[in-house]
Structure formats: C-alpha cells, structure tokens
$ cat start.pdb   # PDB, C-alpha atoms
ATOM      1  CA  MET A   1      46.209 -40.851 -15.683
ATOM      2  CA  THR A   2      43.358 -42.035 -13.467
ATOM      3  CA  VAL A   3      40.136 -43.996 -13.710
ATOM      4  CA  THR A   4      37.077 -41.798 -14.243
ATOM      5  CA  GLN A   5      33.329 -42.379 -14.323
ATOM      6  CA  ARG A   6      31.173 -40.729 -16.978
ATOM      7  CA  ILE A   7      27.380 -40.570 -16.982
ATOM      8  CA  VAL A   8      25.561 -41.325 -20.211
ATOM      9  CA  SER A   9      23.491 -38.307 -21.267
ATOM     10  CA  GLU A  10      19.920 -38.519 -22.490
ATOM     11  CA  ASP A  11      21.049 -37.764 -26.037
ATOM     12  CA  GLU A  12      23.511 -40.660 -25.904
ATOM     13  CA  ALA A  13      20.921 -43.299 -24.992
ATOM     14  CA  GLU A  14      20.859 -46.302 -27.355
ATOM     15  CA  ILE A  15      24.384 -45.627 -28.683
ATOM     16  CA  ARG A  16      26.650 -48.677 -28.844
ATOM     17  CA  LEU A  17      29.432 -48.610 -26.263
ATOM     18  CA  ASP A  18      32.213 -48.667 -28.863
ATOM     19  CA  ARG A  19      30.646 -45.732 -30.713
ATOM     20  CA  TRP A  20      30.272 -43.843 -27.438
ATOM     21  CA  PHE A  21      34.013 -44.246 -26.805
ATOM     22  CA  ARG A  22      34.950 -43.181 -30.327
ATOM     23  CA  ARG A  23      32.770 -40.102 -29.930
ATOM     24  CA  HIS A  24      34.455 -39.055 -26.668
ATOM     25  CA  PHE A  25      37.937 -40.380 -27.473
ATOM     26  CA  PRO A  26      38.382 -40.185 -31.269
ATOM     27  CA  GLY A  27      42.002 -41.320 -31.029
ATOM     28  CA  LEU A  28      40.994 -44.692 -29.547
ATOM     29  CA  THR A  29      40.897 -47.554 -32.060
ATOM     30  CA  GLN A  30      38.239 -50.274 -32.223
ATOM     31  CA  VAL A  31      40.875 -52.892 -31.376
ATOM     32  CA  ALA A  32      41.863 -50.951 -28.240
ATOM     33  CA  ILE A  33      38.227 -50.611 -27.147
ATOM     34  CA  GLN A  34      37.662 -54.358 -27.605
ATOM     35  CA  LYS A  35      40.775 -55.180 -25.546
ATOM     36  CA  LEU A  36      39.734 -52.816 -22.728
ATOM     37  CA  CYS A  37      36.276 -54.465 -22.614
ATOM     38  CA  ARG A  38      37.717 -57.974 -22.780
ATOM     39  CA  THR A  39      40.044 -57.294 -19.841
ATOM     40  CA  GLY A  40      37.288 -55.676 -17.785
ATOM     41  CA  GLN A  41      38.874 -52.223 -17.743
ATOM     42  CA  ILE A  42      35.786 -50.715 -19.367
ATOM     43  CA  ARG A  43      32.636 -51.362 -17.352
ATOM     44  CA  VAL A  44      29.057 -50.088 -17.358
ATOM     45  CA  ASP A  45      27.413 -49.687 -13.955
ATOM     46  CA  GLY A  46      30.279 -51.753 -12.574
ATOM     47  CA  LYS A  47      29.678 -54.740 -14.853
ATOM     48  CA  ARG A  48      31.772 -56.240 -17.647
ATOM     49  CA  VAL A  49      30.196 -55.600 -21.050
ATOM     50  CA  GLU A  50      30.683 -56.263 -24.753
ATOM     51  CA  THR A  51      31.536 -53.419 -27.132
ATOM     52  CA  SER A  52      28.154 -53.876 -28.842
ATOM     53  CA  VAL A  53      26.044 -53.180 -25.729
ATOM     54  CA  ARG A  54      23.707 -50.209 -26.119
ATOM     55  CA  LEU A  55      23.893 -47.604 -23.404
ATOM     56  CA  MET A  56      20.984 -46.171 -21.422
ATOM     57  CA  SER A  57      20.611 -42.631 -20.144
ATOM     58  CA  GLY A  58      22.028 -42.262 -16.625
ATOM     59  CA  GLN A  59      24.343 -45.276 -16.768
ATOM     60  CA  SER A  60      27.880 -44.897 -15.467
ATOM     61  CA  VAL A  61      30.750 -45.807 -17.787
ATOM     62  CA  ARG A  62      34.123 -46.670 -16.248
ATOM     63  CA  VAL A  63      36.855 -45.027 -18.315
ATOM     64  CA  PRO A  64      40.310 -46.499 -17.564
ATOM     65  CA  PRO A  65      43.561 -44.623 -18.093
ATOM     66  CA  LEU A  66      43.897 -44.191 -21.832
ATOM     67  CA  PRO A  67      46.966 -43.624 -24.009
ATOM     68  CA  GLU A  68      47.743 -39.968 -24.450
ATOM     69  CA  SER A  69      46.919 -38.744 -27.946
ATOM     70  CA  PRO A  70      47.578 -35.275 -29.269
ATOM     71  CA  ALA A  71      44.448 -33.142 -29.342
ATOM     72  CA  GLU A  72      43.459 -32.573 -32.906
ATOM     73  CA  GLU A  73      41.161 -29.820 -34.050
ATOM     74  CA  ARG A  74      39.082 -31.536 -36.686
ATOM     75  CA  PRO A  75      38.287 -29.111 -39.478
ATOM     76  CA  ARG A  76      34.780 -29.181 -40.821
ATOM     77  CA  PRO A  77      34.573 -30.836 -44.219
ATOM     78  CA  SER A  78      33.877 -28.361 -46.983
ATOM     79  CA  LEU A  79      30.807 -28.711 -49.172
ATOM     80  CA  ASP A  80      30.125 -27.179 -52.547
ATOM     81  CA  PRO A  81      27.596 -24.374 -51.881
ATOM     82  CA  ALA A  82      25.506 -25.636 -54.792
ATOM     83  CA  LEU A  83      25.144 -29.027 -53.060
ATOM     84  CA  GLY A  84      24.207 -27.256 -49.841
ATOM     85  CA  ARG A  85      21.423 -25.372 -51.629
ATOM     86  CA  GLU A  86      20.297 -28.591 -53.303
ATOM     87  CA  VAL A  87      19.936 -30.549 -50.059
ATOM     88  CA  GLU A  88      18.264 -27.577 -48.379
ATOM     89  CA  GLY A  89      15.663 -27.686 -51.137
ATOM     90  CA  MET A  90      14.831 -31.291 -50.188
ATOM     91  CA  VAL A  91      13.739 -30.409 -46.629
ATOM     92  CA  LEU A  92      10.128 -31.296 -45.821
ATOM     93  CA  TYR A  93      10.325 -30.929 -42.037
ATOM     94  CA  ARG A  94      12.937 -29.869 -39.485
ATOM     95  CA  ASP A  95      13.106 -29.489 -35.710
ATOM     96  CA  ALA A  96      15.808 -29.673 -33.038
ATOM     97  CA  ARG A  97      15.904 -33.501 -33.175
ATOM     98  CA  LEU A  98      15.557 -34.551 -36.797
ATOM     99  CA  ILE A  99      15.155 -33.502 -40.426
ATOM    100  CA  VAL A 100      12.924 -35.146 -43.022
ATOM    101  CA  LEU A 101      13.894 -34.911 -46.697
ATOM    102  CA  ASN A 102      12.315 -35.699 -50.045
ATOM    103  CA  LYS A 103      15.094 -37.593 -51.826
ATOM    104  CA  PRO A 104      14.984 -37.200 -55.610
ATOM    105  CA  PRO A 105      15.233 -40.268 -57.867
ATOM    106  CA  GLY A 106      18.716 -41.052 -59.152
ATOM    107  CA  LEU A 107      20.546 -39.782 -56.047
ATOM    108  CA  PRO A 108      22.319 -42.569 -54.122
ATOM    109  CA  THR A 109      21.803 -42.515 -50.371
ATOM    110  CA  GLN A 110      25.445 -43.384 -49.675
ATOM    111  CA  GLY A 111      28.734 -43.599 -51.521
ATOM    112  CA  GLY A 112      30.283 -46.593 -53.245
ATOM    113  CA  PRO A 113      32.447 -47.551 -56.218
ATOM    114  CA  GLY A 114      31.985 -44.997 -58.994
ATOM    115  CA  ILE A 115      29.657 -42.797 -56.920
ATOM    116  CA  HIS A 116      30.882 -39.210 -56.590
ATOM    117  CA  LYS A 117      27.700 -37.533 -55.362
ATOM    118  CA  HIS A 118      25.360 -38.973 -52.739
ATOM    119  CA  LEU A 119      22.964 -37.805 -50.048
ATOM    120  CA  ASP A 120      25.204 -38.712 -47.116
ATOM    121  CA  MET A 121      27.958 -36.339 -48.247
ATOM    122  CA  MET A 122      25.393 -33.554 -48.738
ATOM    123  CA  LEU A 123      24.151 -33.680 -45.122
ATOM    124  CA  GLU A 124      26.978 -31.365 -44.083
ATOM    125  CA  GLY A 125      24.888 -28.628 -45.693
ATOM    126  CA  LEU A 126      22.202 -29.157 -43.017
ATOM    127  CA  ARG A 127      24.497 -28.963 -40.002
ATOM    128  CA  GLY A 128      24.134 -25.244 -39.329
ATOM    129  CA  ASP A 129      25.836 -24.262 -36.057
ATOM    130  CA  SER A 130      25.565 -27.745 -34.531
ATOM    131  CA  ALA A 131      28.663 -29.592 -33.383
ATOM    132  CA  ASP A 132      27.178 -32.780 -34.839
ATOM    133  CA  ARG A 133      26.711 -33.550 -38.497
ATOM    134  CA  PRO A 134      23.243 -34.942 -39.354
ATOM    135  CA  ARG A 135      23.199 -38.729 -39.881
ATOM    136  CA  LEU A 136      21.194 -41.166 -41.924
ATOM    137  CA  VAL A 137      19.030 -43.622 -39.984
ATOM    138  CA  HIS A 138      17.597 -45.619 -42.921
ATOM    139  CA  ARG A 139      18.062 -45.948 -46.683
ATOM    140  CA  LEU A 140      16.275 -45.675 -50.010
ATOM    141  CA  ASP A 141      17.451 -47.237 -53.273
ATOM    142  CA  ARG A 142      19.181 -44.886 -55.701
ATOM    143  CA  ASP A 143      16.188 -44.725 -58.056
ATOM    144  CA  THR A 144      13.492 -44.638 -55.349
ATOM    145  CA  SER A 145      12.308 -41.154 -54.407
ATOM    146  CA  GLY A 146      10.580 -39.843 -51.326
ATOM    147  CA  VAL A 147      10.658 -39.506 -47.565
ATOM    148  CA  ILE A 148      13.933 -40.146 -45.785
ATOM    149  CA  VAL A 149      14.809 -39.200 -42.187
ATOM    150  CA  VAL A 150      18.107 -37.934 -40.803
ATOM    151  CA  ALA A 151      18.950 -37.386 -37.140
ATOM    152  CA  ARG A 152      20.650 -34.247 -35.882
ATOM    153  CA  THR A 153      22.691 -35.924 -33.113
ATOM    154  CA  PRO A 154      24.180 -39.382 -32.514
ATOM    155  CA  GLY A 155      21.758 -40.087 -29.656
ATOM    156  CA  ILE A 156      18.714 -39.273 -31.755
ATOM    157  CA  ALA A 157      20.159 -41.373 -34.581
ATOM    158  CA  ALA A 158      20.341 -44.372 -32.238
ATOM    159  CA  LYS A 159      16.746 -43.883 -31.048
ATOM    160  CA  LEU A 160      15.384 -43.548 -34.579
ATOM    161  CA  ALA A 161      17.410 -46.510 -35.836
ATOM    162  CA  ALA A 162      15.931 -48.579 -32.997
ATOM    163  CA  ALA A 163      12.417 -47.518 -34.070
ATOM    164  CA  PHE A 164      13.114 -48.727 -37.617
ATOM    165  CA  ARG A 165      14.581 -52.007 -36.321
ATOM    166  CA  THR A 166      11.541 -52.727 -34.159
ATOM    167  CA  ARG A 167       9.062 -51.860 -36.963
ATOM    168  CA  ALA A 168       7.629 -48.959 -34.952
ATOM    169  CA  VAL A 169       7.766 -46.870 -38.141
ATOM    170  CA  GLU A 170       4.899 -47.064 -40.636
ATOM    171  CA  LYS A 171       6.006 -46.692 -44.271
ATOM    172  CA  ILE A 172       3.737 -46.158 -47.264
ATOM    173  CA  TYR A 173       5.056 -46.322 -50.842
ATOM    174  CA  TRP A 174       3.310 -45.538 -54.119
ATOM    175  CA  ALA A 175       4.142 -47.380 -57.312
ATOM    176  CA  ILE A 176       2.888 -47.562 -60.872
ATOM    177  CA  VAL A 177       3.042 -51.172 -62.014
ATOM    178  CA  ALA A 178       2.792 -52.797 -65.431
ATOM    179  CA  GLY A 179      -0.248 -55.018 -65.007
ATOM    180  CA  ARG A 180      -3.268 -55.123 -62.728
ATOM    181  CA  PRO A 181      -2.940 -57.397 -59.692
ATOM    182  CA  VAL A 182      -5.655 -59.969 -59.098
ATOM    183  CA  PRO A 183      -6.910 -59.794 -56.414
ATOM    184  CA  VAL A 184      -6.689 -56.007 -56.270
ATOM    185  CA  GLU A 185      -5.493 -55.977 -52.668
ATOM    186  CA  GLY A 186      -3.893 -58.389 -50.247
ATOM    187  CA  ARG A 187      -0.628 -59.482 -48.685
ATOM    188  CA  ILE A 188       2.524 -60.654 -50.471
ATOM    189  CA  ASP A 189       4.470 -63.047 -48.230
ATOM    190  CA  LEU A 190       7.702 -64.357 -49.764
ATOM    191  CA  GLU A 191      11.039 -65.919 -48.893
ATOM    192  CA  LEU A 192      13.768 -63.991 -50.709
ATOM    193  CA  ALA A 193      17.347 -64.898 -51.592
ATOM    194  CA  ARG A 194      20.217 -62.997 -53.157
ATOM    195  CA  VAL A 195      21.237 -64.178 -56.610
ATOM    196  CA  ASP A 196      23.971 -63.304 -59.090
ATOM    197  CA  GLY A 197      23.123 -62.420 -62.655
ATOM    198  CA  TYR A 198      24.498 -60.600 -65.648
ATOM    199  CA  ARG A 199      23.105 -57.363 -64.188
ATOM    200  CA  GLY A 200      24.932 -57.992 -60.913
ATOM    201  CA  GLU A 201      23.618 -59.149 -57.554
ATOM    202  CA  ARG A 202      19.894 -58.805 -57.008
ATOM    203  CA  VAL A 203      17.082 -60.441 -55.054
ATOM    204  CA  ALA A 204      14.711 -63.201 -56.162
ATOM    205  CA  VAL A 205      12.000 -65.383 -54.709
ATOM    206  CA  ALA A 206      13.866 -68.191 -52.943
ATOM    207  CA  GLY A 207      13.928 -71.643 -54.460
ATOM    208  CA  PRO A 208      13.591 -74.954 -52.602
ATOM    209  CA  TYR A 209      17.370 -75.352 -52.252
ATOM    210  CA  ASP A 210      18.246 -71.807 -51.126
ATOM    211  CA  ASP A 211      19.504 -71.974 -47.551
ATOM    212  CA  LYS A 212      20.035 -68.248 -46.825
ATOM    213  CA  THR A 213      16.623 -66.661 -47.151
ATOM    214  CA  ALA A 214      14.743 -63.751 -45.594
ATOM    215  CA  ARG A 215      11.003 -63.395 -45.203
ATOM    216  CA  ALA A 216       9.467 -60.330 -46.874
ATOM    217  CA  ILE A 217       5.880 -59.275 -46.125
ATOM    218  CA  THR A 218       4.104 -56.470 -47.974
ATOM    219  CA  ASP A 219       0.472 -55.349 -47.884
ATOM    220  CA  PHE A 220      -0.833 -53.790 -51.097
ATOM    221  CA  THR A 221      -3.933 -51.968 -52.295
ATOM    222  CA  THR A 222      -4.808 -50.957 -55.856
ATOM    223  CA  ARG A 223      -5.822 -47.292 -55.724
ATOM    224  CA  ASP A 224      -6.580 -46.907 -59.438
ATOM    225  CA  HIS A 225      -5.909 -48.624 -62.765
ATOM    226  CA  ALA A 226      -5.810 -47.948 -66.492
ATOM    227  CA  ALA A 227      -7.655 -50.858 -68.137
ATOM    228  CA  ARG A 228      -5.651 -53.990 -67.317
ATOM    229  CA  LYS A 229      -2.300 -52.586 -68.426
ATOM    230  CA  LEU A 230      -1.215 -50.335 -65.560
ATOM    231  CA  ALA A 231      -2.154 -49.809 -61.934
ATOM    232  CA  TRP A 232      -1.369 -47.443 -59.086
ATOM    233  CA  LEU A 233      -0.501 -49.449 -55.978
ATOM    234  CA  GLU A 234      -0.151 -48.372 -52.376
ATOM    235  CA  LEU A 235       2.458 -50.594 -50.741
ATOM    236  CA  LYS A 236       3.054 -51.068 -47.033
ATOM    237  CA  PRO A 237       6.179 -53.112 -46.226
ATOM    238  CA  LEU A 238       5.937 -54.920 -42.892
ATOM    239  CA  THR A 239       9.556 -56.073 -43.135
ATOM    240  CA  GLY A 240      12.592 -54.247 -44.494
ATOM    241  CA  ARG A 241      14.412 -56.391 -47.060
ATOM    242  CA  THR A 242      16.621 -55.255 -49.930
ATOM    243  CA  HIS A 243      14.486 -54.578 -53.034
ATOM    244  CA  GLN A 244      11.493 -56.035 -51.185
ATOM    245  CA  LEU A 245       8.837 -53.985 -52.962
ATOM    246  CA  ARG A 246      10.392 -54.399 -56.380
ATOM    247  CA  VAL A 247      10.663 -58.185 -56.258
ATOM    248  CA  SER A 248       7.256 -58.521 -54.549
ATOM    249  CA  CYS A 249       5.457 -56.613 -57.302
ATOM    250  CA  ALA A 250       7.238 -58.657 -59.964
ATOM    251  CA  ALA A 251       6.254 -61.855 -58.144
ATOM    252  CA  ILE A 252       2.536 -61.084 -58.555
ATOM    253  CA  GLY A 253       2.996 -60.389 -62.269
ATOM    254  CA  ALA A 254       3.041 -56.592 -61.981
ATOM    255  CA  PRO A 255       6.629 -55.273 -62.129
ATOM    256  CA  ILE A 256       7.113 -51.652 -61.175
ATOM    257  CA  LEU A 257       7.170 -49.410 -64.239
ATOM    258  CA  GLY A 258      10.778 -48.705 -65.243
ATOM    259  CA  ASP A 259      12.237 -51.522 -63.113
ATOM    260  CA  GLU A 260      14.197 -53.355 -65.804
ATOM    261  CA  PRO A 261      16.033 -55.818 -63.494
ATOM    262  CA  TYR A 262      12.738 -57.207 -62.204
ATOM    263  CA  GLY A 263      10.755 -57.019 -65.413
ATOM    264  CA  ARG A 264      10.282 -60.074 -67.648
ATOM    265  CA  GLU A 265      11.595 -60.307 -71.183
ATOM    266  CA  ARG A 266       8.690 -60.880 -73.567
ATOM    267  CA  PRO A 267       9.062 -63.620 -76.169
ATOM    268  CA  SER A 268       9.438 -62.442 -79.762
ATOM    269  CA  HIS A 269       5.909 -63.518 -80.721
ATOM    270  CA  GLU A 270       4.603 -61.080 -78.096
ATOM    271  CA  GLY A 271       6.637 -58.236 -79.539
ATOM    272  CA  GLY A 272       9.741 -58.645 -77.365
ATOM    273  CA  GLY A 273      10.990 -56.070 -74.885
ATOM    274  CA  ASN A 274      10.871 -55.841 -71.114
ATOM    275  CA  THR A 275       7.505 -55.926 -69.342
ATOM    276  CA  ALA A 276       8.634 -53.113 -67.015
ATOM    277  CA  PHE A 277       8.634 -50.598 -69.890
ATOM    278  CA  VAL A 278       5.550 -49.128 -71.566
ATOM    279  CA  GLU A 279       5.837 -47.136 -74.763
ATOM    280  CA  GLY A 280       5.160 -43.447 -74.282
ATOM    281  CA  LEU A 281       5.829 -43.444 -70.527
ATOM    282  CA  SER A 282       8.988 -42.561 -68.618
ATOM    283  CA  ARG A 283      11.572 -45.333 -68.309
ATOM    284  CA  GLN A 284      12.518 -44.140 -64.806
ATOM    285  CA  LEU A 285      11.582 -46.279 -61.799
ATOM    286  CA  HIS A 286       8.060 -45.437 -60.599
ATOM    287  CA  LEU A 287       8.517 -46.140 -56.880
ATOM    288  CA  HIS A 288       8.060 -43.362 -54.316
ATOM    289  CA  ALA A 289       8.275 -43.357 -50.507
ATOM    290  CA  ARG A 290       5.092 -41.326 -50.034
ATOM    291  CA  ARG A 291       4.467 -41.313 -46.278
ATOM    292  CA  LEU A 292       6.299 -41.989 -43.040
ATOM    293  CA  ALA A 293       4.791 -42.103 -39.552
ATOM    294  CA  LEU A 294       7.395 -42.487 -36.820
ATOM    295  CA  PRO A 295       7.626 -42.097 -33.044
ATOM    296  CA  HIS A 296       9.155 -38.678 -32.397
ATOM    297  CA  PRO A 297      12.014 -38.741 -29.847
ATOM    298  CA  ASP A 298      10.200 -36.078 -27.807
ATOM    299  CA  GLY A 299       6.900 -37.968 -27.843
ATOM    300  CA  GLY A 300       3.958 -38.340 -30.169
ATOM    301  CA  THR A 301       3.969 -39.478 -33.790
ATOM    302  CA  LEU A 302       5.384 -37.443 -36.659
ATOM    303  CA  VAL A 303       3.673 -37.946 -40.024
ATOM    304  CA  VAL A 304       5.338 -36.610 -43.178
ATOM    305  CA  GLU A 305       4.326 -36.990 -46.832
ATOM    306  CA  ALA A 306       6.464 -36.275 -49.894
ATOM    307  CA  PRO A 307       5.127 -34.945 -53.221
ATOM    308  CA  LEU A 308       5.649 -37.110 -56.301
ATOM    309  CA  PRO A 309       8.783 -36.624 -58.417
ATOM    310  CA  PRO A 310       8.202 -34.988 -61.829
ATOM    311  CA  HIS A 311       8.320 -38.200 -63.893
ATOM    312  CA  MET A 312       5.719 -39.931 -61.688
ATOM    313  CA  GLU A 313       3.519 -36.846 -61.610
ATOM    314  CA  ALA A 314       3.587 -36.807 -65.421
ATOM    315  CA  THR A 315       2.684 -40.517 -65.591
ATOM    316  CA  PHE A 316      -0.221 -39.997 -63.161
ATOM    317  CA  ARG A 317      -1.589 -37.286 -65.426
ATOM    318  CA  ASP A 318      -1.034 -39.317 -68.605
ATOM    319  CA  LEU A 319      -3.005 -42.208 -67.106
ATOM    320  CA  GLY A 320      -5.786 -39.982 -65.788
ATOM    321  CA  PHE A 321      -4.962 -40.656 -62.133
ATOM    322  CA  THR A 322      -5.650 -37.829 -59.694
ATOM    323  CA  VAL A 323      -2.402 -36.407 -58.316
ATOM    324  CA  PRO A 324      -3.061 -35.874 -54.580
ATOM    325  CA  ALA A 325      -1.207 -33.047 -52.889
ATOM    326  CA  ALA A 326       1.079 -34.053 -50.037
ATOM    327  CA  ARG A 327      -0.350 -33.040 -46.677
ATOM    328  CA  PRO A 328       1.753 -30.757 -44.446
ATOM    329  CA  PRO A 329       3.891 -32.501 -41.799
ATOM    330  CA  ASN A 330       1.932 -33.214 -38.634
ATOM    331  CA  ARG A 331       3.101 -34.218 -35.177
ATOM    332  CA  MET A 332       0.369 -35.903 -33.162
ATOM    333  CA  THR A 333       0.360 -36.617 -29.450
ATOM    334  CA  GLY A 334      -2.221 -39.390 -29.774
ATOM    335  CA  GLY A 335      -2.629 -42.281 -32.226
ATOM    336  CA  ARG A 336      -1.720 -42.237 -35.904
ATOM    337  CA  ARG A 337      -4.065 -40.804 -38.484
TER     338      ARG A 337
END
$ encode --input "start.pdb" --output "structure tokens"
Amino acid sequence: MTVTQRIVSEDEAEIRLDRWFRRHFPGLTQVAIQKLCRTGQIRVDGKRVETSVRLMSGQSVRVPPLPESPAEERPRPSLDPALGREVEGMVLYRDARLIVLNKPPGLPTQGGPGIHKHLDMMLEGLRGDSADRPRLVHRLDRDTSGVIVVARTPGIAAKLAAAFRTRAVEKIYWAIVAGRPVPVEGRIDLELARVDGYRGERVAVAGPYDDKTARAITDFTTRDHAARKLAWLELKPLTGRTHQLRVSCAAIGAPILGDEPYGRERPSHEGGGNTAFVEGLSRQLHLHARRLALPHPDGGTLVVEAPLPPHMEATFRDLGFTVPAARPPNRMTGGRR
C-alpha cells in the first residue's frame, strides 16, 4: 500500500472532497475520511483541507494507503418497466450533460415516511448505458408541477447545484390565485419562519419574536384575471425558501387555488370554507414551474418551458384565459431571451 496522487477530472469539478472519495473508494466511511483529513493524510495540492472543500478540475488529491476492502460488483437497482416508461414520458430535453423533466403534480421529488413512489427512484429509468445514475439538483413540492433538472454525472450535478445556490438560474412559475392582487404587479419581500400546526410543520410570515427567520423575495405580475375573484400570476422567486411562493401569495391576500394549508378559513357569516377553494374548479394545487433558464455546463443558456398539467389547463379554459403553448427548448450562446 503506497501513497498515490490523483488528478481531479473536469467532470469532477465542484464535487465535495468527501463525496469524491466515496465515489472512488465506496468502502471508505465518512468517519474514516474525516480522520484522514484531520490528520493531514488526505491533502489537495499539498495542503491540508476539510472534507467539505469543493474540488477544482486539475487539482491533485493525495490518497494515503487505505484499508483493503473486498471489491464488490454493485448490481444495478431494478426498476419496474412501467415506471421507466412513465419517467421517459416526462422528458422535455436531454443531452450528454443533463435531462429536463416535466414533473406531474402529486409525485414527490424524493422519498420519505409513507412514500413508496417518487421521482428520485424513477431516475434509474433514464440512465441508459451510463455508469452514473442521473441525479436531482433541485426540488419541487409534491403538488407543484413543471420543470425540474437532473444531471447525468456527479460532476455536472455539482456544477448545476452551484448555479442554483448562486441564483444564476432564472425560474418562472405560473399560479392561479383566489383573489386579485392590488397592485397588480410588484415585489413581495418577507421574513419567513417555520411553525407547527395541526396540519404539521409549515411556513408563515415571521412574527416580531421569531429568531430563526429567512428572507423570501418574489416578483409577481398579473397576466390575466376573472373579475376580482381569480387571477393568473407569473411569479419569479429571487430566493429559494420552502413554500416561498405559496406563503407569499397568501400574504398578499391571494392564496394559490387549491392550497388549503395557506388558505384562510372564512367566517360562517361569509359562507364558511377555505379561501383557497372555489366551487366548480379543481381542488388540486394550481402552481406550475413554467420556465427555467440556466447556464449550461458546456456554455450558453438553456431555456426550457413545460406545458400546463391537465387540471390547470382546464381551469385556464374555464376562466377564459388563453392557454399558451410551451416553446421548444432552446440553448442560446448569448444573453437570455
């Protein structure tokens, strides 16, 4: 067993050091990696580093003698062919670096207690002949539909995740809200806090005594309206907080249609019921990730739009709103359109 030096490939740029080690040495535990960094046995370009440091293409990683572990041939996880066909049907755009999907409403992005089907498990159906399984780089709520990006390799996943962290990605959502905002366009700038309630943990506008808060900024424009009862909003989040769009719309008196947790209960003299529901219209959440413009790892800006889900398309027609067709994916070498 000897010390070796490994060069970080272009695809591995932006990967955390501990994840780089687990990729190359799957038998090595996180505790072992931390100890090797702490004692200076793992170094990057000759310098001591923390496990959380992100690697750059061309850097040299010192790999100390590691415990022998039996080579294991990891079998590919099996996937129900029906799920493979389902996720394939979500594809809006695909190239050698990434895949863009149109997530349907009701499908969780990841697993959790009581969740037996989710998008993350279905990504195996998009692997093809690649050695790497596609990976999520951002999330959508279970009941939110629309554009979601997955990376085809760990290195691309790190680059895309960095773009989302630095707000280099432009996101446009469409929502039908119960109410007509006044003014009809503007910026919603709130401090949010997590709260517990009978429906479980959710997010609310922070009070004066909340000490753990997060700023949420959203630009909005009213694209159309039906009298003063319902409106079609275009929402552009400038920050990425949990339930940001849902709580922001509720805060201006226009909860998203179908969003029961953030609707207001009407008093009995007003007929009762939740303000997020309108008789005759779908009770599903009317929030859709319509458009994403992101820096492509190979250069330029990729712009992808997702068509509306069936329940929102039906509501658009019921309200007399024009249902615009989604434009084909476009990769531009200059500025955004």
$ residues_around --input "start.pdb" --residues "range 2-8 of chain A" --least-positions-apart "4" --cutoff "7 Å" --atoms "all atoms listed in the file" --output "number ranges by chain"
A: 12-13, 56-65
$ residues_around --input "start.pdb" --residues "Val278 in chain A" --least-positions-apart "5" --cutoff "12 Å" --atoms "only C-alpha atoms" --output "PyMOL selection string"
chain A and resi 176-179+229-230+255-260+263+272-273+283-286+315+319
$ atom_distance --input "start.pdb" --atom1 "CA of Met121 in chain A" --atom2 "CA of Arg19 in chain A"
20.1 Å
$ atom_distance --input "start.pdb" --atom1 "CA of His225 in chain A" --atom2 "CA of Leu281 in chain A"
15.0 Å
$ residues_around --input "start.pdb" --residues "Glu88 in chain A" --least-positions-apart "5" --cutoff "12 Å" --atoms "all atoms listed in the file" --output "PyMOL selection string"
chain A and resi 81-83+93-94+99-103+119+122-128
$ resolve_selection --input "start.pdb" --expression "the PyMOL selection byres ((chain A and resi 188) around 8)" --output "list in words"
Gly186, Arg187, Asp189, Leu190, Ala216, Ile217, Thr218, Asp219, Phe220 and Ser248 of chain A
$ closest_residue --input "start.pdb" --among "A:Thr144, A:Gln34, A:Thr213, A:Thr239" --to "Arg165 in chain A" --atoms "all atoms listed in the file"
A:Thr239
$ resolve_selection --input "start.pdb" --expression "the PyMOL selection byres ((chain A and resi 131) around 12)" --output "PyMOL selection string"
chain A and resi 23+74-76+124+126-130+132-134+152-154
$ resolve_selection --input "start.pdb" --expression "the PyMOL selection byres ((chain A and resi 321) around 10)" --output "compact mmCIF listing (two decimals) with C-alpha atoms, keeping the file's coordinate frame"
# COMPACT_ATOMS: atom_id res chain seq x y z
CA ARG A 223 -5.82 -47.29 -55.72
CA ASP A 224 -6.58 -46.91 -59.44
CA HIS A 225 -5.91 -48.62 -62.76
CA ALA A 226 -5.81 -47.95 -66.49
CA ALA A 231 -2.15 -49.81 -61.93
CA TRP A 232 -1.37 -47.44 -59.09
CA GLU A 313 3.52 -36.85 -61.61
CA ALA A 314 3.59 -36.81 -65.42
CA THR A 315 2.68 -40.52 -65.59
CA PHE A 316 -0.22 -40.00 -63.16
CA ARG A 317 -1.59 -37.29 -65.43
CA ASP A 318 -1.03 -39.32 -68.60
CA LEU A 319 -3.00 -42.21 -67.11
CA GLY A 320 -5.79 -39.98 -65.79
CA THR A 322 -5.65 -37.83 -59.69
CA VAL A 323 -2.40 -36.41 -58.32
CA PRO A 324 -3.06 -35.87 -54.58
$ residues_near_point --input "start.pdb" --point "(21.3, -45.6, -56.5)" --cutoff "12 Å" --atoms "only C-alpha atoms" --output "PyMOL selection string"
chain A and resi 103-119+139-145+243+285
$ atom_distance --input "start.pdb" --atom1 "CA of Val150 in chain A" --atom2 "CA of Val91 in chain A"
10.5 Å
$ residues_around --input "start.pdb" --residues "Leu36 in chain A" --least-positions-apart "4" --cutoff "10 Å" --atoms "all atoms listed in the file" --output "list in words"
Gln30, Val31, Ala32, Gly40, Gln41, Ile42, Arg43, Glu50, Thr51, Val63, Pro64 and Leu66 of chain A
$ closest_residue --input "start.pdb" --among "A:Ser52, A:Gly155, A:Gly240, A:Ala251" --to "Ala206 in chain A" --atoms "only C-alpha atoms"
A:Ala251
$ residues_around --input "start.pdb" --residues "Leu294 in chain A" --least-positions-apart "5" --cutoff "6 Å" --atoms "all atoms listed in the file" --output "number ranges by chain"
A: 169, 301-302
$ closest_residue --input "start.pdb" --among "A:Val182, A:Ile156, A:Val247, A:Leu28" --to "Ser9 in chain A" --atoms "only C-alpha atoms"
A:Ile156
$ closest_residue --input "start.pdb" --among "A:Gly27, A:Ala306, A:Ile33, A:Arg54" --to "Ile15 in chain A" --atoms "only C-alpha atoms"
A:Arg54
$ closest_residue --input "start.pdb" --among "A:Gly299, A:Pro261, A:Pro310, A:Pro329" --to "Ala204 in chain A" --atoms "all atoms listed in the file"
A:Pro261
$ decode --input "start.pdb" --residues "range 4-11 of chain A" --atoms "N, CA and C atoms" --output "compact mmCIF listing (two decimals), in the first residue's frame"
# COMPACT_ATOMS: atom_id res chain seq x y z
N THR A 4 -0.64 7.64 -3.30
CA THR A 4 -0.80 7.97 -4.72
C THR A 4 -1.36 9.38 -4.86
N GLN A 5 -1.21 9.93 -6.03
CA GLN A 5 -1.77 11.24 -6.37
C GLN A 5 -2.77 11.05 -7.51
N ARG A 6 -3.96 11.61 -7.33
CA ARG A 6 -4.97 11.52 -8.39
C ARG A 6 -5.37 12.92 -8.82
N ILE A 7 -5.55 13.10 -10.12
CA ILE A 7 -5.92 14.40 -10.67
C ILE A 7 -7.44 14.46 -10.82
N VAL A 8 -8.01 15.56 -10.37
CA VAL A 8 -9.45 15.76 -10.46
C VAL A 8 -9.82 16.02 -11.92
N SER A 9 -10.75 15.24 -12.45
CA SER A 9 -11.17 15.41 -13.84
C SER A 9 -12.11 16.59 -13.98
N GLU A 10 -12.33 17.01 -15.22
CA GLU A 10 -13.22 18.14 -15.46
C GLU A 10 -14.63 17.84 -14.96
N ASP A 11 -15.07 16.60 -15.15
CA ASP A 11 -16.42 16.23 -14.72
C ASP A 11 -16.57 16.24 -13.20
